[in-house]
Amino acid sequence: MSAVEPNTKAVAEAADRLEEAHRTGVPVAPVRDLLPAGDVRAAYAVQELRTARRLARGRRITGWKVGLTSRAVQRQLGVDSPDFGALFDDTAFCDGAEIPVGAVLQPRAEAEIALVLGEDLPHAHSTVADLLRATAFALPAIEVVGSRIRDWDITLVDTVADNASSGAYVLGTRPVRLDALDLRTAGAVLERRGEVVSVGAGAACLGSPLNAALWLADTLAGLGRPLRAGDTVLTGALGPVVDVAPGDVVEARIEGLGTVRAAFAAAREGAGA
């Protein structure tokens with residue numbers, strides 16, 4: 001990250017651009033042209049400003065997501081570590097509930113394992129034992145990533161500023177304790193309209209979803225806002241991400257955790273694209 005404080009005017013301009021996309025439902029140009037080249041610290045400052053604005057409007061943080069857990073995606077963006085973003089109450093949908101058209105711009109779906117914490121993780125360096133003890137249960141999840149950036153034309157700076165491309169998330173409803181699971185070998189299948197479109201396993205997520213959760217716990221603790229009891233942690237994609245469109249239904253089956261389903265409302269007749 002940059003060693004100097006981010007330019008507050010540039011940060012505000014980038015936040016305003018992303019807010020415009022959220023308000024109008026029309027993706028915008030990348031924000032990297034507003035920020036110093038490769039300045040991830042400035043990108044997180046944009047994310048933090050947008051988070052503060054959402055909280056001021058009455059939203060609530062329900063947890064955090066880890067992004068860029070795939071080595072292939074990291075190579076694509078030229079990075080060697082994940083990123084993170086906040087989850088909000090208005091982006092959580094019930095299993096099988098319809099996600100309205102336009103709720104997520106340029107949506108894509110991925111199967112994930114969610115951890116729900118029963119204890120805080122305030123330590124600067126949490127251990128696997130700390131994480132196992134603090135986790136109340138795991139759930140199957142579908143994250144619907146989206147981009148306010150036109151045509152997904154993103155770099156690391158763009159996706160970090162855009163809250164790690166967070167859009168919406170759906171959790172399963174059958175909690176499972178971690179002592180009943182091997183998350184590293186857990187296989188995952190994602191179907192769209194009944195057709196298998198993505199397969200993977202826990203090992204694709206930084207070697208294990210636990211590794212992703214530990215990275216997040218240490219990162220947030222280092223920033224002075226540690227993971228807390230009740231937080232939901234989306235640990236990252238288990239297989240390739242897939243495009244979704246109005247009318248699609250996607251279902252994730254994760255070994256040991258069961259299934260979760262996300263439905264996307266059909267476009268209204270005569271509505272614009």
# chains A, B, ... in the order shown; residues from 1 in each chain; ligands from 1
>>> residues_around(residues="Ile99 of chain A", least_positions_apart="4", cutoff="8 Å", atoms="only C-alpha atoms", output="number ranges by chain")
A: 93, 103, 262-265
>>> residues_around(residues="segment 65-74 of chain A", least_positions_apart="3", cutoff="6 Å", atoms="only C-alpha atoms", output="list in words")
Leu77, Gly78, Val79, Asp80, Pro82, Asp83, Phe84, Gly85, Cys205, Leu206, Val233, Leu234, Thr235 and Gly236 of chain A
>>> select_by_dssp(residues="segment 47-186 of chain A", states="strand (DSSP E or B)", output="ChimeraX atom specification")
/A:61-67,83-88,92-93,98-99,108-117,121,135-145,149,166-171,176
>>> write_last_selection(atoms="C-alpha atoms", output="PDB file, in the first residue's frame")
ATOM      1  CA  ILE A  61     -22.627  -4.569   8.304  1.00  0.00           C
ATOM      2  CA  THR A  62     -23.429  -8.277   8.617  1.00  0.00           C
ATOM      3  CA  GLY A  63     -19.976  -9.639   7.899  1.00  0.00           C
ATOM      4  CA  TRP A  64     -17.147  -9.641   5.389  1.00  0.00           C
ATOM      5  CA  LYS A  65     -16.150 -11.308   2.141  1.00  0.00           C
ATOM      6  CA  VAL A  66     -12.760 -12.445   0.940  1.00  0.00           C
ATOM      7  CA  GLY A  67     -12.086 -11.953  -2.761  1.00  0.00           C
ATOM      8  CA  ASP A  83      -8.798  -8.535  -0.917  1.00  0.00           C
ATOM      9  CA  PHE A  84     -11.846  -7.949   1.261  1.00  0.00           C
ATOM     10  CA  GLY A  85     -15.146  -6.104   1.336  1.00  0.00           C
ATOM     11  CA  ALA A  86     -18.067  -5.580   3.700  1.00  0.00           C
ATOM     12  CA  LEU A  87     -21.385  -7.449   3.600  1.00  0.00           C
ATOM     13  CA  PHE A  88     -24.553  -5.479   4.315  1.00  0.00           C
ATOM     14  CA  ALA A  92     -28.506 -10.720   2.076  1.00  0.00           C
ATOM     15  CA  PHE A  93     -31.243 -12.849   0.468  1.00  0.00           C
ATOM     16  CA  GLU A  98     -35.774 -13.828  -5.917  1.00  0.00           C
ATOM     17  CA  ILE A  99     -33.050 -11.258  -6.364  1.00  0.00           C
ATOM     18  CA  ARG A 108     -21.976 -13.380 -11.677  1.00  0.00           C
ATOM     19  CA  ALA A 109     -22.437 -16.264  -9.244  1.00  0.00           C
ATOM     20  CA  GLU A 110     -20.015 -18.457  -7.355  1.00  0.00           C
ATOM     21  CA  ALA A 111     -20.343 -21.266  -4.822  1.00  0.00           C
ATOM     22  CA  GLU A 112     -18.718 -20.552  -1.465  1.00  0.00           C
ATOM     23  CA  ILE A 113     -18.469 -21.760   2.111  1.00  0.00           C
ATOM     24  CA  ALA A 114     -19.674 -19.271   4.705  1.00  0.00           C
ATOM     25  CA  LEU A 115     -18.463 -19.298   8.305  1.00  0.00           C
ATOM     26  CA  VAL A 116     -20.606 -17.716  11.014  1.00  0.00           C
ATOM     27  CA  LEU A 117     -18.676 -16.676  14.108  1.00  0.00           C
ATOM     28  CA  LEU A 121     -11.290 -12.891  16.731  1.00  0.00           C
ATOM     29  CA  THR A 135     -16.676 -20.444  14.434  1.00  0.00           C
ATOM     30  CA  ALA A 136     -20.191 -21.433  15.477  1.00  0.00           C
ATOM     31  CA  PHE A 137     -21.044 -23.187  12.209  1.00  0.00           C
ATOM     32  CA  ALA A 138     -20.600 -23.286   8.442  1.00  0.00           C
ATOM     33  CA  LEU A 139     -23.213 -22.875   5.715  1.00  0.00           C
ATOM     34  CA  PRO A 140     -23.314 -23.358   1.957  1.00  0.00           C
ATOM     35  CA  ALA A 141     -23.439 -20.001   0.203  1.00  0.00           C
ATOM     36  CA  ILE A 142     -23.814 -18.373  -3.175  1.00  0.00           C
ATOM     37  CA  GLU A 143     -22.126 -15.040  -3.603  1.00  0.00           C
ATOM     38  CA  VAL A 144     -23.438 -12.885  -6.429  1.00  0.00           C
ATOM     39  CA  VAL A 145     -20.551 -10.661  -7.357  1.00  0.00           C
ATOM     40  CA  ILE A 149     -17.365  -0.778 -13.499  1.00  0.00           C
ATOM     41  CA  SER A 166     -19.609  -7.405  -3.713  1.00  0.00           C
ATOM     42  CA  GLY A 167     -23.215  -7.596  -4.894  1.00  0.00           C
ATOM     43  CA  ALA A 168     -25.434  -9.962  -2.904  1.00  0.00           C
ATOM     44  CA  TYR A 169     -25.224 -13.229  -1.027  1.00  0.00           C
ATOM     45  CA  VAL A 170     -27.477 -16.161  -0.206  1.00  0.00           C
ATOM     46  CA  LEU A 171     -26.912 -18.534   2.714  1.00  0.00           C
ATOM     47  CA  VAL A 176     -22.975 -27.603  10.284  1.00  0.00           C
TER      48      VAL A 176
END
>>> residues_around(residues="segment 41-52 of chain A", least_positions_apart="5", cutoff="9 Å", atoms="only C-alpha atoms", output="JSON, numbers by chain")
{"A": [1, 2, 3, 4, 5, 6, 7, 8, 10, 11, 12, 13, 14, 15, 16, 18, 19, 31, 32, 35, 36, 57, 61, 85, 86, 156, 157, 158, 159, 160, 161, 162, 163, 164]}
>>> closest_residue(among="A:Arg193, A:Lys9, A:Arg261, A:His22", to="Arg54 of chain A", atoms="only C-alpha atoms")
A:His22
>>> atom_distance(atom1="atom CA of Ala56 of chain A", atom2="atom CA of Val28 of chain A")
23.6 Å
>>> closest_residue(among="A:His125, A:Arg184, A:Arg228, A:Arg192", to="Glu251 of chain A", atoms="only C-alpha atoms")
A:Arg192
>>> closest_atom_pairs(of="segment 105-144 of chain A", to="segment 216-220 of chain A", cutoff="10 Å", atoms="only C-alpha atoms", output="Markdown table")
| residue | atom | partner | partner_atom | distance |
| --- | --- | --- | --- | --- |
| A:Asp120 | CA | A:Ala217 | CA | 9.6 |
| A:Leu121 | CA | A:Ala217 | CA | 6.6 |
| A:Pro122 | CA | A:Ala217 | CA | 7.8 |
| A:His123 | CA | A:Asp218 | CA | 7.2 |
| A:Ala124 | CA | A:Asp218 | CA | 5.6 |
| A:His125 | CA | A:Asp218 | CA | 5.5 |
| A:Ser126 | CA | A:Asp218 | CA | 6.4 |
| A:Thr127 | CA | A:Asp218 | CA | 9.5 |
| A:Leu131 | CA | A:Ala217 | CA | 8.6 |
>>> atom_distance(atom1="atom CA of Glu195 of chain A", atom2="atom CA of Ser147 of chain A")
24.7 Å
>>> atom_distance(atom1="atom CA of Ala212 of chain A", atom2="atom CA of Ala180 of chain A")
19.2 Å
>>> select_by_dssp(residues="segment 19-259 of chain A", states="helix (DSSP H, G or I)", output="JSON, numbers by chain")
{"A": [19, 20, 21, 22, 23, 24, 40, 41, 42, 43, 44, 45, 46, 47, 48, 49, 50, 51, 52, 53, 54, 55, 56, 71, 72, 73, 74, 75, 76, 77, 89, 90, 91, 128, 129, 130, 131, 132, 133, 134, 150, 151, 152, 156, 157, 158, 159, 160, 161, 163, 164, 165, 178, 179, 180, 202, 203, 204, 209, 210, 211, 212, 213, 214, 215, 216, 217, 218, 219, 220, 221, 222]}
>>> closest_residue(among="A:Val40, A:Ile254, A:Ile154, A:Ala134", to="Leu190 of chain A", atoms="only C-alpha atoms")
A:Ile254
